[in-house]
file data_23.cif (mmCIF, C-alpha atoms and all ligand atoms)
data_coords
#
loop_
_atom_site.label_atom_id
_atom_site.label_comp_id
_atom_site.auth_asym_id
_atom_site.auth_seq_id
_atom_site.Cartn_x
_atom_site.Cartn_y
_atom_site.Cartn_z
CA VAL V 297 0.00 0.00 0.00
CA THR V 298 1.29 3.40 -0.98
CA GLN V 299 0.63 6.72 0.70
CA ILE V 300 -0.29 9.24 -1.97
CA ASP V 301 -1.57 12.78 -2.29
CA VAL V 302 -4.56 13.51 -4.46
CA PRO V 303 -6.32 16.80 -5.14
CA THR V 304 -9.26 17.00 -2.75
CA LEU V 305 -11.01 19.95 -4.37
CA VAL V 306 -11.79 19.38 -8.03
CA ARG V 307 -14.05 21.64 -10.06
CA ILE V 308 -14.19 21.04 -13.80
CA LYS V 309 -17.11 23.00 -15.24
CA PRO V 310 -18.18 26.14 -17.10
CA GLY V 311 -17.99 29.28 -14.94
CA ALA V 312 -15.53 27.79 -12.44
CA LEU V 313 -13.16 30.76 -12.74
CA ASP V 314 -15.87 33.16 -11.53
CA ARG V 315 -16.26 30.94 -8.48
CA LEU V 316 -12.54 30.66 -7.69
CA GLY V 317 -12.84 32.95 -4.66
CA ILE V 318 -15.76 30.90 -3.29
CA TYR V 319 -13.73 27.69 -3.55
CA LEU V 320 -10.73 29.22 -1.78
CA ALA V 321 -12.87 30.79 0.93
CA ARG V 322 -14.45 27.38 1.62
CA GLN V 323 -10.94 26.02 2.13
CA HIS V 324 -10.41 28.84 4.65
CA GLU V 325 -7.75 30.55 2.57
CA LYS V 326 -7.15 34.22 3.43
CA LYS V 327 -3.87 35.43 1.96
CA ILE V 328 -2.42 33.91 -1.18
CA ALA V 329 0.23 34.24 -3.86
CA LEU V 330 -1.16 34.41 -7.40
CA LEU V 331 1.23 33.45 -10.19
CA HIS V 332 -0.07 33.98 -13.71
CA SER V 333 1.34 33.42 -17.18
CA GLU V 334 2.95 36.18 -19.13
CA GLY V 335 0.57 37.01 -21.95
CA LEU V 336 -2.49 35.67 -20.14
CA VAL V 337 -5.69 37.26 -21.52
CA PRO V 338 -6.08 40.27 -19.15
CA ALA V 339 -9.82 39.64 -18.76
CA LEU V 340 -9.11 36.20 -17.26
CA LEU V 341 -6.72 37.65 -14.69
CA GLU V 342 -9.29 40.32 -13.80
CA GLN V 343 -12.00 37.68 -13.52
CA ALA V 344 -9.89 35.67 -11.08
CA ARG V 345 -8.88 38.70 -9.03
CA TYR V 346 -12.44 40.00 -8.85
CA SER V 347 -13.71 36.66 -7.60
CA LEU V 348 -10.94 36.40 -5.01
CA GLU V 349 -11.42 39.94 -3.68
CA HIS V 350 -15.18 39.57 -3.45
CA ASN V 351 -14.78 36.51 -1.32
CA GLY V 352 -12.33 38.01 1.12
CA ILE V 353 -9.18 36.47 -0.32
CA GLU V 354 -6.25 38.86 -0.35
CA VAL V 355 -3.65 38.48 -3.08
CA VAL V 356 -0.59 39.51 -1.04
CA PHE V 357 1.87 38.37 -3.69
CA PRO V 358 0.85 38.81 -7.33
CA LYS V 359 3.46 37.75 -9.85
CA GLU V 360 3.63 37.48 -13.60
CA VAL V 361 5.73 34.51 -14.69
CA PRO V 362 7.87 35.11 -17.80
CA GLU V 363 9.73 31.77 -17.73
CA ALA V 364 9.78 28.43 -15.97
CA SER V 365 13.23 28.18 -14.42
CA PHE V 366 14.62 26.83 -11.19
CA GLU V 367 16.61 30.05 -10.72
CA LEU V 368 13.52 32.26 -10.96
CA ALA V 369 11.57 29.93 -8.65
CA ALA V 370 14.33 30.24 -6.04
CA GLU V 371 14.29 34.02 -6.40
CA ILE V 372 10.50 34.20 -6.00
CA PHE V 373 10.74 31.85 -3.01
CA GLY V 374 12.97 34.43 -1.35
CA GLN V 375 10.32 37.13 -1.89
CA LEU V 376 7.28 35.11 -0.84
CA PRO V 377 5.59 36.67 2.22
CA ALA V 378 5.36 34.27 5.16
CA GLN V 379 1.63 34.95 5.65
CA CYS V 380 0.74 33.35 2.28
CA GLY V 381 -1.27 30.21 2.97
CA ALA V 382 -1.40 29.02 -0.60
CA VAL V 383 0.04 29.49 -4.06
CA VAL V 384 -2.40 29.74 -6.96
CA GLY V 385 -1.13 29.12 -10.50
CA LEU V 386 -3.32 30.65 -13.20
CA GLY V 387 -2.83 30.26 -16.95
CA GLY V 388 -0.58 28.00 -19.01
CA GLY V 389 2.15 25.50 -18.29
CA LYS V 390 4.88 27.89 -17.18
CA ALA V 391 2.83 29.65 -14.50
CA LEU V 392 1.50 26.33 -13.22
CA ASP V 393 4.94 24.70 -13.11
CA MET V 394 6.38 27.69 -11.28
CA ALA V 395 3.48 27.89 -8.83
CA LYS V 396 3.69 24.16 -8.17
CA TYR V 397 7.42 24.26 -7.53
CA LEU V 398 7.15 27.37 -5.37
CA ALA V 399 4.40 25.74 -3.28
CA THR V 400 6.63 22.68 -2.87
CA LEU V 401 9.66 24.75 -1.77
CA ALA V 402 7.58 26.87 0.61
CA ARG V 403 5.40 23.99 1.84
CA LYS V 404 2.23 25.86 0.94
CA ARG V 405 -1.00 24.53 -0.51
CA PHE V 406 -1.15 24.62 -4.32
CA TYR V 407 -4.16 25.48 -6.45
CA ALA V 408 -3.91 24.67 -10.16
CA VAL V 409 -6.12 26.84 -12.35
CA PRO V 410 -5.23 26.05 -15.98
CA THR V 411 -6.84 28.20 -18.67
CA SER V 412 -6.03 25.68 -21.40
CA LEU V 413 -5.33 21.94 -21.47
CA SER V 414 -2.22 21.62 -23.62
CA HIS V 415 -0.60 18.82 -21.53
CA ASP V 416 -0.94 16.85 -18.30
CA GLY V 417 1.34 19.13 -16.26
CA PHE V 418 -1.40 20.85 -14.27
CA ALA V 419 -2.04 17.67 -12.30
CA SER V 420 1.32 15.90 -12.31
CA PRO V 421 3.66 15.56 -9.33
CA GLN V 422 6.52 17.10 -11.34
CA ALA V 423 7.47 20.56 -12.55
CA SER V 424 9.18 21.09 -15.87
CA LEU V 425 11.76 23.82 -15.15
CA THR V 426 15.06 24.76 -16.71
CA VAL V 427 18.11 24.46 -14.48
CA LYS V 428 21.01 26.52 -15.86
CA GLY V 429 19.23 26.51 -19.20
CA LYS V 430 18.61 22.76 -19.36
CA ARG V 431 15.06 21.44 -19.06
CA ARG V 432 14.51 19.12 -16.12
CA SER V 433 11.56 17.40 -14.47
CA LEU V 434 11.70 18.20 -10.77
CA PRO V 435 9.64 16.28 -8.20
CA CYS V 436 6.82 18.33 -6.71
CA ARG V 437 3.80 18.08 -4.49
CA MET V 438 0.48 17.31 -6.16
CA ALA V 439 -2.07 20.08 -6.52
CA ASP V 440 -4.35 20.30 -3.48
CA ALA V 441 -7.05 21.72 -5.70
CA ILE V 442 -7.76 21.74 -9.41
CA VAL V 443 -10.12 24.29 -10.88
CA VAL V 444 -10.76 24.08 -14.61
CA ASP V 445 -13.23 26.45 -16.24
CA THR V 446 -14.24 24.47 -19.33
CA GLU V 447 -15.79 27.57 -20.92
CA VAL V 448 -12.42 29.35 -20.62
CA CYS V 449 -10.55 26.33 -22.04
CA LEU V 450 -13.02 26.11 -24.93
CA HIS V 451 -12.11 29.67 -25.93
CA ALA V 452 -8.36 29.06 -25.70
CA PRO V 453 -6.63 28.65 -29.09
CA PRO V 454 -7.70 25.24 -30.50
CA ILE V 455 -4.07 24.23 -31.12
CA LEU V 456 -3.77 23.91 -27.31
CA TRP V 457 -6.68 21.43 -27.29
CA SER V 458 -4.89 19.40 -29.96
CA SER V 459 -1.73 19.43 -27.89
CA GLY V 460 -3.64 18.17 -24.86
CA VAL V 461 -5.17 15.38 -26.94
CA GLY V 462 -1.67 14.40 -28.14
CA ASP V 463 -0.36 14.25 -24.57
CA LEU V 464 -3.35 12.16 -23.53
CA VAL V 465 -3.04 9.48 -26.24
CA SER V 466 0.63 9.04 -25.31
CA LYS V 467 -0.57 7.03 -22.32
CA VAL V 468 -1.35 4.16 -24.73
CA SER V 469 2.29 3.73 -25.76
CA ALA V 470 3.69 4.73 -22.35
CA VAL V 471 1.84 1.97 -20.51
CA HIS V 472 2.93 -0.59 -23.10
CA ASP V 473 6.58 0.53 -22.82
CA TRP V 474 6.26 0.15 -19.05
CA LYS V 475 5.16 -3.46 -19.56
CA LEU V 476 8.06 -4.08 -21.95
CA ALA V 477 10.43 -2.68 -19.32
CA PHE V 478 8.95 -5.06 -16.74
CA HIS V 479 9.51 -8.10 -18.97
CA ALA V 480 12.99 -7.05 -20.10
CA GLN V 481 14.41 -5.55 -16.91
CA GLY V 482 12.00 -6.21 -14.09
CA THR V 483 10.97 -2.54 -13.82
CA VAL V 484 8.31 -2.48 -11.12
CA ILE V 485 4.79 -2.01 -12.45
CA ASN V 486 1.96 -0.59 -10.42
CA ASP V 487 -1.07 -2.29 -11.96
CA PHE V 488 -3.51 0.19 -10.48
CA ALA V 489 -1.65 3.14 -12.00
CA ALA V 490 -1.39 1.36 -15.37
CA LEU V 491 -5.12 0.62 -15.37
CA LEU V 492 -5.99 4.15 -14.33
CA SER V 493 -3.81 5.57 -17.07
CA ASP V 494 -5.40 3.31 -19.66
CA ALA V 495 -8.89 4.16 -18.45
CA THR V 496 -8.25 7.88 -18.90
CA VAL V 497 -7.84 7.39 -22.64
CA SER V 498 -10.79 5.01 -22.93
CA GLN V 499 -13.19 7.57 -21.48
CA PHE V 500 -12.03 10.17 -23.95
CA VAL V 501 -12.01 7.88 -27.01
CA SER V 502 -15.79 7.68 -27.06
CA ARG V 503 -16.16 11.43 -27.55
CA PRO V 504 -13.07 13.36 -28.71
CA GLN V 505 -14.96 16.55 -29.66
CA ASN V 506 -13.74 20.06 -28.88
CA ASP V 507 -16.82 21.34 -27.08
CA LEU V 508 -17.71 21.90 -23.42
CA GLU V 509 -18.25 18.20 -22.77
CA GLY V 510 -15.05 17.28 -24.63
CA GLN V 511 -13.02 19.80 -22.63
CA LYS V 512 -14.43 18.31 -19.45
CA LEU V 513 -13.48 14.79 -20.54
CA LEU V 514 -10.00 15.92 -21.55
CA ALA V 515 -9.41 17.82 -18.29
CA THR V 516 -10.63 14.86 -16.24
CA ALA V 517 -8.50 12.40 -18.20
CA LEU V 518 -5.33 14.50 -17.94
CA MET V 519 -5.94 15.01 -14.23
CA LEU V 520 -6.42 11.29 -13.55
CA ASN V 521 -3.25 10.68 -15.46
CA GLY V 522 -1.40 13.01 -13.11
CA VAL V 523 -2.83 10.98 -10.25
CA ALA V 524 -1.61 7.77 -11.92
CA MET V 525 1.94 9.19 -11.83
CA GLU V 526 1.52 9.99 -8.15
CA VAL V 527 0.17 6.48 -7.46
CA ALA V 528 3.08 4.86 -9.31
CA GLY V 529 5.71 7.21 -7.91
CA THR V 530 7.14 7.47 -11.43
CA SER V 531 6.25 9.14 -14.71
CA ARG V 532 6.00 5.69 -16.36
CA PRO V 533 2.17 5.68 -16.70
CA ALA V 534 2.36 8.95 -18.63
CA SER V 535 5.65 8.87 -20.47
CA GLY V 536 7.41 6.31 -22.66
CA SER V 537 9.26 6.16 -25.96
CA GLU V 538 6.95 8.79 -27.49
CA HIS V 539 8.16 11.27 -24.88
CA LEU V 540 11.79 10.36 -25.63
CA ILE V 541 11.17 11.22 -29.28
CA SER V 542 9.54 14.51 -28.29
CA HIS V 543 12.44 15.41 -25.97
CA ALA V 544 14.83 14.63 -28.83
CA LEU V 545 12.80 16.82 -31.20
CA ASP V 546 13.10 19.66 -28.67
CA LEU V 547 16.87 19.33 -29.03
CA VAL V 548 17.19 18.95 -32.80
CA SER V 549 14.25 20.88 -34.33
CA GLU V 550 14.69 24.34 -35.75
CA HIS V 551 11.34 25.24 -34.22
CA PRO V 552 10.14 22.72 -31.63
CA ARG V 553 6.34 22.32 -31.72
CA LEU V 554 4.06 22.24 -28.69
CA HIS V 555 4.87 19.30 -26.40
CA GLY V 556 1.56 17.50 -26.99
CA LEU V 557 1.72 17.92 -30.78
CA GLN V 558 5.13 16.23 -30.90
CA VAL V 559 4.10 13.57 -28.44
CA GLY V 560 0.85 12.85 -30.31
CA VAL V 561 2.59 12.18 -33.63
CA ALA V 562 5.27 10.14 -31.87
CA THR V 563 2.54 8.05 -30.21
CA TYR V 564 0.97 7.37 -33.60
CA VAL V 565 4.37 6.12 -34.80
CA VAL V 566 5.35 4.17 -31.70
CA THR V 567 2.03 2.31 -31.29
CA HIS V 568 2.57 1.07 -34.86
CA LEU V 569 5.96 -0.36 -33.79
CA GLN V 570 4.46 -1.81 -30.63
CA LYS V 571 1.67 -3.42 -32.68
CA GLN V 572 -0.90 -2.35 -30.09
CA GLY V 573 -3.28 0.55 -29.58
CA HIS V 574 -2.56 2.09 -32.95
CA GLU V 575 -6.16 2.01 -34.23
CA ARG V 576 -7.42 3.63 -31.04
CA VAL V 577 -4.82 6.38 -31.22
CA ALA V 578 -5.47 6.96 -34.94
CA HIS V 579 -9.20 7.27 -34.25
CA VAL V 580 -8.77 9.86 -31.49
CA LEU V 581 -6.26 11.94 -33.43
CA LYS V 582 -8.49 11.98 -36.52
CA GLU V 583 -11.78 12.67 -34.75
CA SER V 584 -10.36 15.39 -32.49
CA GLY V 585 -8.95 17.45 -35.38
CA PHE V 586 -5.39 16.87 -34.14
CA TRP V 587 -3.64 16.62 -37.53
CA LYS V 588 -4.65 20.06 -38.77
CA TYR V 589 -1.93 21.84 -36.79
CA ILE V 590 0.70 19.32 -37.82
CA PHE V 591 -0.12 19.62 -41.51
CA GLN V 592 -0.07 23.43 -41.28
CA ASN V 593 3.48 23.41 -40.04
CA PRO V 594 5.26 20.36 -41.47
CA TRP V 595 8.64 19.13 -40.29
CA LYS V 596 11.76 18.46 -42.30
CA ARG V 597 12.19 14.70 -42.50
CA SER V 598 15.83 15.11 -41.43
CA GLU V 599 14.68 16.54 -38.08
CA TRP V 600 12.78 13.35 -37.32
CA GLN V 601 15.66 11.24 -38.56
CA ALA V 602 17.98 12.99 -36.11
CA ALA V 603 15.45 12.81 -33.27
CA ILE V 604 14.91 9.08 -33.74
CA ASP V 605 18.67 8.49 -33.71
CA LEU V 606 18.96 10.48 -30.49
CA ALA V 607 15.81 9.33 -28.64
CA PRO V 608 17.05 6.05 -27.06
CA SER V 609 19.98 7.86 -25.41
CA ILE V 610 17.87 10.63 -23.84
CA LYS V 611 17.24 8.58 -20.69
CA PRO V 612 19.82 5.76 -20.67
CA ASP V 613 18.20 3.47 -18.08
CA PHE V 614 14.69 3.92 -19.41
CA TYR V 615 13.72 0.76 -21.30
CA THR V 616 11.18 1.19 -24.12
CA ILE V 617 10.41 -0.31 -27.52
CA LEU V 618 13.30 1.81 -28.84
CA ALA V 619 15.71 -0.17 -26.66
CA GLU V 620 14.19 -3.51 -27.58
CA ARG V 621 15.35 -3.40 -31.15
CA ASP V 622 16.80 -0.95 -33.64
CA CYS V 623 13.59 0.67 -34.90
CA ARG V 624 15.13 3.39 -37.04
CA ALA V 625 14.64 1.88 -40.50
CA GLU V 626 11.14 0.72 -39.57
CA ILE V 627 10.16 4.21 -38.40
CA MET V 628 11.56 5.98 -41.45
CA ALA V 629 9.71 3.55 -43.73
CA PHE V 630 6.47 4.18 -41.86
CA LEU V 631 6.94 7.96 -42.10
CA GLU V 632 7.20 7.60 -45.87
CA SER V 633 4.36 5.14 -46.41
CA ASP V 634 1.59 6.17 -44.00
CA PRO V 635 -0.81 8.70 -45.60
CA MET V 636 -1.18 10.79 -42.42
CA LEU V 637 2.53 10.88 -41.71
CA LYS V 638 3.43 11.67 -45.31
CA ALA V 639 1.50 14.93 -44.91
CA CYS V 640 3.50 15.82 -41.76
CA PHE V 641 6.69 16.47 -43.70
CA ARG V 642 7.68 18.96 -46.31
CA ASN V 643 9.48 17.80 -49.40
CA GLU V 644 13.05 18.99 -49.52
ZN ZN H 1 3.67 14.82 -21.75
#
call {"tool": "encode", "arguments": {"input": "data_23.cif", "output": "structure tokens"}}
result
Amino acid sequence: VTQIDVPTLVRIKPGALDRLGIYLARQHEKKIALLHSEGLVPALLEQARYSLEHNGIEVVFPKEVPEASFELAAEIFGQLPAQCGAVVGLGGGKALDMAKYLATLARKRFYAVPTSLSHDGFASPQASLTVKGKRRSLPCRMADAIVVDTEVCLHAPPILWSSGVGDLVSKVSAVHDWKLAFHAQGTVINDFAALLSDATVSQFVSRPQNDLEGQKLLATALMLNGVAMEVAGTSRPASGSEHLISHALDLVSEHPRLHGLQVGVATYVVTHLQKQGHERVAHVLKESGFWKYIFQNPWKRSEWQAAIDLAPSIKPDFYTILAERDCRAEIMAFLESDPMLKACFRNE
């Protein structure tokens, strides 16, 4: 039996942002730090602040977050007033990662209030921060509360929805890689976490539409996936070979794409190699409108070639299908023969 932390306050519904102050007041919060993304739609920040003020919550430390770095988190930690009971992260990935890490350093409660659903970071027990310029995943506390206004997410740029869908389907290949690692190296599997992770995709598969209900399903699925990581005590239920390829693309691409877009295409490729889950992934990507943003901004084939060469060495002790056999020729052949993938690359 494992002791885990799960968010105890979860609100995923239209209008949740207007009620943010009510939720915090019910948790007996009084003074808080509010970290928001640089470039956040000003009306959303005002909406949050209005709701907080009208419910007696004082924002004693407002901060705009321009980057997600360990150095900046440490600096903000030094400025954080002692009377803050909680840290609220509002906006996109950077603000949420910074708020989460700050709350962990300062041992404060953490409220995640994402305004879009571009990846599973809002509910994961890790923060993606740069340390001396290099991106790292740092262990963090889980969110104590998750507040997702589905109406707000629905009005976020649709490319962010597609990115979230891509990060969600990656659980199909990640869980399979985890099983391969168990058979090859005895990597410990937590069956409950694996099942939970798998179930998150299944719920979404039945209705991958970008509307209020779809945003709710996506937010719920991504959140449960974060919980699966917490249950397992590892990122294994959420991250496998498809994430290695995405990390490699971050290093070799001229213009890295959104995390979930890279991961989604890599999942489509990797599930084909794994000979499992591919149809399910293809269905979700097609029905959710995922490919549109890939086709609009095609890669050079050489970028993928380089990323695939690099991917297995990104995390040396992390066994996946890419370690099982040399998949490079197989992948390149698939990129050239599959109709969807063919459209992802520009002809040079
Ligand atoms: Zn991811």
call {"tool": "residues_near_ligand", "arguments": {"input": "data_23.cif", "ligand": "ligand ZN 1 (chain H)", "cutoff": "9 Å", "atoms": "only C-alpha atoms and all ligand atoms", "output": "compact mmCIF listing (two decimals) with C-alpha atoms, in the coordinates of the input"}}
result
# COMPACT_ATOMS: atom_id res chain seq x y z
CA HIS V 415 -0.60 18.82 -21.53
CA ASP V 416 -0.94 16.85 -18.30
CA GLY V 417 1.34 19.13 -16.26
CA GLY V 460 -3.64 18.17 -24.86
CA GLY V 462 -1.67 14.40 -28.14
CA ASP V 463 -0.36 14.25 -24.57
CA LEU V 464 -3.35 12.16 -23.53
CA SER V 466 0.63 9.04 -25.31
CA LYS V 467 -0.57 7.03 -22.32
CA ALA V 534 2.36 8.95 -18.63
CA SER V 535 5.65 8.87 -20.47
CA GLU V 538 6.95 8.79 -27.49
CA HIS V 539 8.16 11.27 -24.88
CA SER V 542 9.54 14.51 -28.29
CA HIS V 555 4.87 19.30 -26.40
CA GLY V 556 1.56 17.50 -26.99
CA VAL V 559 4.10 13.57 -28.44
call {"tool": "closest_residue", "arguments": {"input": "data_23.cif", "among": "V:Lys359, V:Lys404, V:Lys327, V:Arg432", "to": "Ile610 of chain V", "atoms": "all atoms listed in the file"}}
result
V:Arg432
call {"tool": "closest_residue", "arguments": {"input": "data_23.cif", "among": "V:Thr516, V:Gly352, V:Met525, V:Ala402", "to": "Asp301 of chain V", "atoms": "only C-alpha atoms"}}
result
V:Met525
call {"tool": "residues_around", "arguments": {"input": "data_23.cif", "residues": "Gly311 of chain V", "least_positions_apart": "2", "cutoff": "10 Å", "atoms": "all atoms listed in the file", "output": "VMD selection string"}}
result
chain V and resid 307 to 309 313 to 316 444 to 448
call {"tool": "closest_residue", "arguments": {"input": "data_23.cif", "among": "V:Gln511, V:Asn351, V:Thr496, V:Ser412", "to": "Gly388 of chain V", "atoms": "only C-alpha atoms"}}
result
V:Ser412
call {"tool": "residues_around", "arguments": {"input": "data_23.cif", "residues": "segment 588-595 of chain V", "least_positions_apart": "3", "cutoff": "10 Å", "atoms": "all atoms listed in the file", "output": "short mmCIF file (atom, residue, chain, number, x, y, z; two decimals) with C-alpha atoms, in the frame of the given file"}}
result
data_model
loop_
_atom_site.label_atom_id
_atom_site.label_comp_id
_atom_site.auth_asym_id
_atom_site.auth_seq_id
_atom_site.Cartn_x
_atom_site.Cartn_y
_atom_site.Cartn_z
CA PRO V 454 -7.70 25.24 -30.50
CA ILE V 455 -4.07 24.23 -31.12
CA LEU V 456 -3.77 23.91 -27.31
CA SER V 458 -4.89 19.40 -29.96
CA SER V 459 -1.73 19.43 -27.89
CA SER V 549 14.25 20.88 -34.33
CA GLU V 550 14.69 24.34 -35.75
CA HIS V 551 11.34 25.24 -34.22
CA PRO V 552 10.14 22.72 -31.63
CA ARG V 553 6.34 22.32 -31.72
CA LEU V 557 1.72 17.92 -30.78
CA GLN V 558 5.13 16.23 -30.90
CA GLY V 560 0.85 12.85 -30.31
CA VAL V 561 2.59 12.18 -33.63
CA LEU V 581 -6.26 11.94 -33.43
CA LYS V 582 -8.49 11.98 -36.52
CA SER V 584 -10.36 15.39 -32.49
CA GLY V 585 -8.95 17.45 -35.38
CA SER V 598 15.83 15.11 -41.43
CA GLU V 599 14.68 16.54 -38.08
CA TRP V 600 12.78 13.35 -37.32
CA MET V 636 -1.18 10.79 -42.42
CA LEU V 637 2.53 10.88 -41.71
CA LYS V 638 3.43 11.67 -45.31
CA ALA V 639 1.50 14.93 -44.91
CA CYS V 640 3.50 15.82 -41.76
CA PHE V 641 6.69 16.47 -43.70
CA ARG V 642 7.68 18.96 -46.31
CA ASN V 643 9.48 17.80 -49.40
#
call {"tool": "closest_residue", "arguments": {"input": "data_23.cif", "among": "V:Ala408, V:Leu545, V:Leu392, V:Phe586", "to": "Tyr564 of chain V", "atoms": "only C-alpha atoms"}}
result
V:Phe586
call {"tool": "closest_residue", "arguments": {"input": "data_23.cif", "among": "V:Ala528, V:Met628, V:Val355, V:Val409", "to": "Ala515 of chain V", "atoms": "all atoms listed in the file"}}
result
V:Val409
call {"tool": "residues_around", "arguments": {"input": "data_23.cif", "residues": "Ala477 of chain V", "least_positions_apart": "3", "cutoff": "12 Å", "atoms": "all atoms listed in the file", "output": "PyMOL selection string"}}
result
chain V and resi 470-474+480-485+532+536-537+613-620
call {"tool": "atom_distance", "arguments": {"input": "data_23.cif", "atom1": "atom CA of Leu491 of chain V", "atom2": "atom CA of Pro533 of chain V"}}
result
9.0 Å
call {"tool": "residues_near_point", "arguments": {"input": "data_23.cif", "point": "(-0.6, 1.7, -33.4)", "cutoff": "12 Å", "atoms": "all atoms listed in the file", "output": "PyMOL selection string"}}
result
chain V and resi 465-466+468-469+472+538+560-581+630+634
call {"tool": "atom_distance", "arguments": {"input": "data_23.cif", "atom1": "atom CA of Ile328 of chain V", "atom2": "atom CA of Ala382 of chain V"}}
result
5.0 Å
call {"tool": "closest_residue", "arguments": {"input": "data_23.cif", "among": "V:Leu401, V:Ile318, V:Ala369, V:Ala364", "to": "Ser347 of chain V", "atoms": "all atoms listed in the file"}}
result
V:Ile318
call {"tool": "build_atoms", "arguments": {"input": "data_23.cif", "residues": "segment 314-327 of chain V", "atoms": "N, CA, C and O atoms", "output": "JSON list (two decimals), in the coordinates of the input"}}
result
[["chain", "number", "residue", "atom", "x", "y", "z"],
["V", 314, "ASP", "N", -15.12, 32.15, -12.28],
["V", 314, "ASP", "CA", -15.87, 33.16, -11.53],
["V", 314, "ASP", "C", -16.10, 32.74, -10.08],
["V", 314, "ASP", "O", -16.39, 33.58, -9.23],
["V", 315, "ARG", "N", -16.00, 31.46, -9.81],
["V", 315, "ARG", "CA", -16.26, 30.94, -8.48],
["V", 315, "ARG", "C", -14.97, 30.62, -7.71],
["V", 315, "ARG", "O", -15.01, 30.10, -6.59],
["V", 316, "LEU", "N", -13.83, 30.99, -8.30],
["V", 316, "LEU", "CA", -12.54, 30.66, -7.69],
["V", 316, "LEU", "C", -12.46, 31.14, -6.23],
["V", 316, "LEU", "O", -12.03, 30.41, -5.34],
["V", 317, "GLY", "N", -12.89, 32.39, -6.01],
["V", 317, "GLY", "CA", -12.84, 32.95, -4.66],
["V", 317, "GLY", "C", -13.70, 32.16, -3.68],
["V", 317, "GLY", "O", -13.32, 31.96, -2.52],
["V", 318, "ILE", "N", -14.87, 31.70, -4.16],
["V", 318, "ILE", "CA", -15.76, 30.90, -3.29],
["V", 318, "ILE", "C", -15.04, 29.61, -2.88],
["V", 318, "ILE", "O", -15.05, 29.23, -1.71],
["V", 319, "TYR", "N", -14.41, 28.96, -3.86],
["V", 319, "TYR", "CA", -13.73, 27.69, -3.55],
["V", 319, "TYR", "C", -12.61, 27.91, -2.52],
["V", 319, "TYR", "O", -12.45, 27.12, -1.59],
["V", 320, "LEU", "N", -11.83, 28.97, -2.71],
["V", 320, "LEU", "CA", -10.73, 29.22, -1.78],
["V", 320, "LEU", "C", -11.23, 29.59, -0.39],
["V", 320, "LEU", "O", -10.66, 29.17, 0.62],
["V", 321, "ALA", "N", -12.31, 30.38, -0.36],
["V", 321, "ALA", "CA", -12.87, 30.79, 0.93],
["V", 321, "ALA", "C", -13.36, 29.56, 1.70],
["V", 321, "ALA", "O", -13.18, 29.45, 2.91],
["V", 322, "ARG", "N", -13.97, 28.62, 0.97],
["V", 322, "ARG", "CA", -14.45, 27.38, 1.62],
["V", 322, "ARG", "C", -13.32, 26.57, 2.20],
["V", 322, "ARG", "O", -13.50, 25.80, 3.13],
["V", 323, "GLN", "N", -12.13, 26.73, 1.61],
["V", 323, "GLN", "CA", -10.94, 26.02, 2.13],
["V", 323, "GLN", "C", -10.26, 26.85, 3.22],
["V", 323, "GLN", "O", -9.15, 26.53, 3.62],
["V", 324, "HIS", "N", -10.91, 27.95, 3.59],
["V", 324, "HIS", "CA", -10.41, 28.84, 4.65],
["V", 324, "HIS", "C", -9.11, 29.53, 4.26],
["V", 324, "HIS", "O", -8.28, 29.84, 5.13],
["V", 325, "GLU", "N", -8.91, 29.77, 2.98],
["V", 325, "GLU", "CA", -7.75, 30.55, 2.57],
["V", 325, "GLU", "C", -8.03, 32.03, 2.85],
["V", 325, "GLU", "O", -9.18, 32.48, 2.76],
["V", 326, "LYS", "N", -6.98, 32.79, 3.18],
["V", 326, "LYS", "CA", -7.15, 34.22, 3.43],
["V", 326, "LYS", "C", -6.16, 35.05, 2.61],
["V", 326, "LYS", "O", -6.54, 35.98, 1.94],
["V", 327, "LYS", "N", -4.89, 34.69, 2.69],
["V", 327, "LYS", "CA", -3.87, 35.43, 1.96],
["V", 327, "LYS", "C", -3.14, 34.45, 1.04],
["V", 327, "LYS", "O", -2.69, 33.39, 1.48]]
